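Below is one structure; the comments refer to it alone.
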Amino acid sequence: MIDIKDLHKDFGSNQVLKGIDLHVSKKEVVVIIGPSGSGKSTLLRCMNYLEVPTSGKIVINGVELKENANINLIRKEIGMVFQQFNLFPHMTVLQNLMLAPMKVRDISKKEAKKTALELLTKVGLADKADAYPESLSGGQQQRVAIARALAMKPEALLFDEPTSALDPEMINEVLDVMKKLAEEGMTMVIVTHEMGFAREVGDRLIFMDEGIIVEQGNPTEIFNHPKEDRTKLFFSKIL
Amino acid sequence: MDFNLKIIFDSLPLLLQGALVTLEISILSVTFGFLIGMVTGVARLSPFRVIRYSANIYVDFIRGTPLLVQIFIVYFALPIIIGSHVNPFFAAISACSINSGAYVAEIFRSGIQAVDKGQMEAGRSLGLNWFQTMKHIIMPQAFKKIIPPLGNELITMLKDSSLVSVIGFEELTRKGQIVIARTYASFEIWIAVAIIYLIMTFTIARLVGLVERRFKTE
């Protein structure tokens, strides 16, 4: 469903991605780990064109992402969850969830509201429908953000370090929601530092360093028997 | 030296009439300026180069030339191009609106840029296009941020509108000149005119403060 070939991204003279090849199948949960500055967030942001690649090819559901293609058609199929939640502060939780389906998918207000309430129930926040984001805890905000992405009924979800901005006691409530999505068969690409989660939920683990994919495969396999020295070094620092 | 209060009282109706006109052109100009500025401010951040450059040229030209010269251009130069006389009211309002628009554009631009850049990314990642994201997500947040500078712009315009007296448009300053021509009481009248301006600007500043506080508590 997501096909990436020889992807390069430079920021000025700084090469952040140096030739990435990656295929994500439907219903697959791919977890990307690696030291900071390894290019993992940039790779994720390229997948919905928030970052424009310097060269290489990204094909999503058979449609190639290009400078002048109608990028909105692809973005509405690929949800994104950000580290900083990025909820719309001037709207209630419910309005946050209803805006895009109504404007982009032309769904009626009634229908959008129904879906929104269902999703809020799913992430355990039905009672917060009329609250404003600033009155919610970080964990609650991130669950709303996930529900907002789901409201577009996307085919895949991208997570950019979804728990990195959270207090430790709130991390699990967000990971639980993500786990539930994985079980339901949502296609997900997750950049994270949560190794336990990566091992438990990931179908495939990708270790990136200095703009390339160093190693990938079954998470348990890699955690227990990393082949590459850089992977071993990384694990020795964090585990 | 005598300070003749009676002259002030006698000419007060005339001066207040001028003050009303000053208020009228200021509010009209800032209202039109607001519309021009909103469009131009957004245009300055447009992803399309042609739109962005056109907006930049307008803002740079207006902010780089004196309002007085702009008034002269509209009142004296424009008639030569269009081949007919321009009435002072039209000249005053359009010069002030076009002038105000450039400053309001800058206010909008900085207000928009003060909105967290993650908001644009969040909107776009949901499939909203650039314009929809601006309209539904960025602008409503920018509005709150621009209320204080917009109030300042209205106060600035109220004072700068005195410049249109040079084309004979009878606002407060021009009325002052007319009264002085008749009474020779320049000291009393200019003090009175200044106080009337002060009362207007002070009141507006207070009103803006009220609106700002209301938005904060919401």
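We label chains A, B, ... in the order they appear in the structure tokens, count residues from 1 in each chain, and number ligands from 1 in the order shown.
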Hey, what's within 12 Å of stretch 61-73 of chain A if we count only C-alpha atoms and toss same-chain stuff fewer than 6 positions away? As a PyMOL selection string, please? (chain A and resi 1-5+7+23-26+46-55+79+100+103-105+152+154-156) or (chain B and resi 123-133)
Expected answer as a PyMOL selection string: chain A residues within 6 Å of chain B, only C-alpha atoms: chain A and resi 72+75-76+86
Please, could you write that set of residues out with N, CA, C and O atoms as an mmCIF file, in the first residue's frame?
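The result, stored in out_24.cif:
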```cif
data_model
loop_
_atom_site.group_PDB
_atom_site.id
_atom_site.type_symbol
_atom_site.label_atom_id
_atom_site.label_comp_id
_atom_site.auth_asym_id
_atom_site.auth_seq_id
_atom_site.Cartn_x
_atom_site.Cartn_y
_atom_site.Cartn_z
ATOM 1 N N ASN A 72 -4.055 16.372 -1.779
ATOM 2 C CA ASN A 72 -5.126 16.245 -0.783
ATOM 3 C C ASN A 72 -5.878 14.926 -0.896
ATOM 4 O O ASN A 72 -6.385 14.401 0.076
ATOM 5 N N ARG A 75 -3.719 12.565 1.015
ATOM 6 C CA ARG A 75 -3.664 12.863 2.448
ATOM 7 C C ARG A 75 -4.928 12.440 3.178
ATOM 8 O O ARG A 75 -4.877 12.055 4.335
ATOM 9 N N LYS A 76 -6.060 12.521 2.509
ATOM 10 C CA LYS A 76 -7.281 12.159 3.226
ATOM 11 C C LYS A 76 -7.353 10.661 3.482
ATOM 12 O O LYS A 76 -8.139 10.211 4.296
ATOM 13 N N ASN A 86 -1.326 18.794 18.149
ATOM 14 C CA ASN A 86 -1.843 19.740 17.155
ATOM 15 C C ASN A 86 -3.359 19.729 17.026
ATOM 16 O O ASN A 86 -3.900 19.790 15.926
#
```
Nearby residues (only C-alpha atoms) at most 10 Å from A:Asn172, same-chain spacing under 5 positions excluded, as a ChimeraX atom specification: /A:139,163,166,177-179,197
Write out the residues from the selection above, keeping all heavy atoms, as a tab-separated table (two decimals), in the first residue's frame.
```
chain	number	residue	atom	x	y	z
A	139	GLY	N	-2.42	13.06	27.55
A	139	GLY	CA	-2.85	11.74	27.07
A	139	GLY	C	-4.22	11.80	26.42
A	139	GLY	O	-4.46	11.19	25.37
A	163	THR	N	4.02	9.47	21.76
A	163	THR	CA	4.03	9.52	23.22
A	163	THR	C	5.20	10.33	23.78
A	163	THR	O	5.37	10.43	24.98
A	163	THR	CB	4.09	8.09	23.82
A	163	THR	OG1	5.24	7.42	23.30
A	163	THR	CG2	2.85	7.30	23.47
A	166	LEU	N	4.46	13.22	26.23
A	166	LEU	CA	3.54	12.90	27.32
A	166	LEU	C	4.26	12.63	28.63
A	166	LEU	O	5.38	12.13	28.64
A	166	LEU	CB	2.71	11.66	26.96
A	166	LEU	CG	1.79	11.78	25.76
A	166	LEU	CD1	1.13	10.44	25.48
A	166	LEU	CD2	0.74	12.84	26.00
A	177	VAL	N	-4.74	2.53	22.97
A	177	VAL	CA	-5.59	2.85	21.82
A	177	VAL	C	-4.92	2.37	20.54
A	177	VAL	O	-5.56	1.77	19.66
A	177	VAL	CB	-5.87	4.37	21.75
A	177	VAL	CG1	-6.52	4.73	20.43
A	177	VAL	CG2	-6.75	4.80	22.91
A	178	MET	N	-3.61	2.61	20.45
A	178	MET	CA	-2.89	2.20	19.24
A	178	MET	C	-2.88	0.67	19.09
A	178	MET	O	-2.98	0.15	17.98
A	178	MET	CB	-1.46	2.76	19.28
A	178	MET	CG	-1.43	4.28	19.14
A	178	MET	SD	0.17	4.99	19.55
A	178	MET	CE	1.19	4.31	18.27
A	179	LYS	N	-2.74	0.00	20.23
A	179	LYS	CA	-2.73	-1.46	20.21
A	179	LYS	C	-4.06	-1.98	19.66
A	179	LYS	O	-4.13	-2.87	18.83
A	179	LYS	CB	-2.52	-1.96	21.64
A	179	LYS	CG	-1.68	-3.22	21.73
A	179	LYS	CD	-1.43	-3.62	23.20
A	179	LYS	CE	-0.46	-2.70	23.91
A	179	LYS	NZ	-0.31	-3.00	25.35
A	197	PHE	N	6.52	-1.49	23.39
A	197	PHE	CA	5.41	-1.41	22.47
A	197	PHE	C	5.82	-1.92	21.08
A	197	PHE	O	5.08	-2.67	20.44
A	197	PHE	CB	4.92	0.05	22.39
A	197	PHE	CG	3.84	0.28	21.38
A	197	PHE	CD1	2.51	0.00	21.69
A	197	PHE	CD2	4.14	0.78	20.12
A	197	PHE	CE1	1.51	0.21	20.76
A	197	PHE	CE2	3.14	1.00	19.19
A	197	PHE	CZ	1.83	0.72	19.52
```
Spatial neighbours of B:Ala92, 8 Å, only C-alpha atoms, chain gap at least 3 places, as a VMD selection string: chain B and resid 25 71 88 to 89 95 to 96 164 169
Find the residues around B:Leu154 up to 10 Å (only C-alpha atoms counted), leave out those fewer than 3 positions away in its own chain, and share them as a VMD selection string. chain B and resid 23 26 to 27 29 to 31 33 100 104 149 to 151 157 to 160 201 204 to 205 208
Let me see the file: selected residues, C-alpha atoms, as a PDB file, in the first residue's frame.
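out.pdb was written with the following content:
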```pdb
ATOM      1  CA  LEU B  23     -14.587  59.226  13.099  1.00  0.00           C
ATOM      2  CA  SER B  26     -11.328  56.559  10.179  1.00  0.00           C
ATOM      3  CA  ILE B  27     -13.821  53.783  10.763  1.00  0.00           C
ATOM      4  CA  SER B  29     -10.978  53.440   6.096  1.00  0.00           C
ATOM      5  CA  VAL B  30      -9.988  50.879   8.702  1.00  0.00           C
ATOM      6  CA  THR B  31     -12.977  48.725   7.738  1.00  0.00           C
ATOM      7  CA  GLY B  33      -8.360  48.524   5.139  1.00  0.00           C
ATOM      8  CA  SER B 100      -4.484  51.247   6.091  1.00  0.00           C
ATOM      9  CA  VAL B 104      -3.344  45.766   8.371  1.00  0.00           C
ATOM     10  CA  PRO B 149      -2.581  45.872  16.945  1.00  0.00           C
ATOM     11  CA  LEU B 150      -5.798  46.416  14.976  1.00  0.00           C
ATOM     12  CA  GLY B 151      -6.977  48.795  17.687  1.00  0.00           C
ATOM     13  CA  MET B 157      -5.712  56.217  11.296  1.00  0.00           C
ATOM     14  CA  LEU B 158      -7.816  58.547  13.416  1.00  0.00           C
ATOM     15  CA  LYS B 159      -4.821  60.812  13.887  1.00  0.00           C
ATOM     16  CA  ASP B 160      -3.412  60.465  10.365  1.00  0.00           C
ATOM     17  CA  THR B 201      -8.269  57.979  20.815  1.00  0.00           C
ATOM     18  CA  ILE B 204     -11.073  53.705  21.383  1.00  0.00           C
ATOM     19  CA  ALA B 205      -8.075  52.413  23.335  1.00  0.00           C
ATOM     20  CA  VAL B 208     -10.190  47.760  22.393  1.00  0.00           C
TER      21      VAL B 208
END
```
I'd like the neighbourhood of B:Lys145 as a list in words, where a residue qualifies if any of its atoms comes within 8 Å (using only C-alpha atoms), though same-chain residues fewer than 3 positions away should be ignored. Gly111, Ala114, Gln141, Ala142 and Pro148 of chain B
I'd like the contact shell of stretch 128-130 of chain A - 6 Å cut-off, only C-alpha atoms, skipping same-chain residues fewer than 6 positions apart - returned as a ChimeraX atom specification. /A:92-94
Restricted to N, CA and C atoms, what would the selected residues look like written as a CSV table (one decimal), in the first residue's frame?
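Dumped to selection_26.csv:
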```csv
chain,number,residue,atom,x,y,z
A,92,THR,N,-14.2,22.7,19.9
A,92,THR,CA,-14.4,21.7,20.9
A,92,THR,C,-13.8,20.4,20.3
A,93,VAL,N,-13.7,19.4,21.2
A,93,VAL,CA,-13.2,18.1,20.8
A,93,VAL,C,-14.1,17.6,19.6
A,94,LEU,N,-15.4,17.7,19.8
A,94,LEU,CA,-16.3,17.2,18.7
A,94,LEU,C,-16.1,17.9,17.4
```
Among listed residues A:Ser38, A:Asn14, A:Asn96, A:Asn224, nearest A:Ala145 (using only C-alpha atoms): A:Asn96
DSSP helix (DSSP H, G or I) residues within stretch 2-173 of chain A, as number ranges by chain: A: 40-46, 71-75, 93-104, 109-122, 126-128, 133-135, 138-150, 168-173
Identify, with DSSP run on backbone atoms, the residues in stretch 38-83 of chain A assigned to strand (DSSP E or B), and express the list as a PyMOL selection string. chain A and resi 55-60+63-64+78-81
Mind giving me the straight-line distance from atom CA of A:Gly19 to atom CA of A:Ile212 in Å, one decimal? 6.5 Å
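Minimum atom-to-atom distance to B:Val42, evaluated using only C-alpha atoms, belongs to B:Gln113 out of B:Gly209, B:Gln113, B:Arg214, B:Glu24.
With distances taken over only C-alpha atoms, A:Asp21 is the one residue among A:Asp176, A:Glu161, A:Asp21, A:Glu111 lying closest to A:Ile58.
Atom CA of B:Gly101 is found 4.3 Å from atom CA of B:Gly37.
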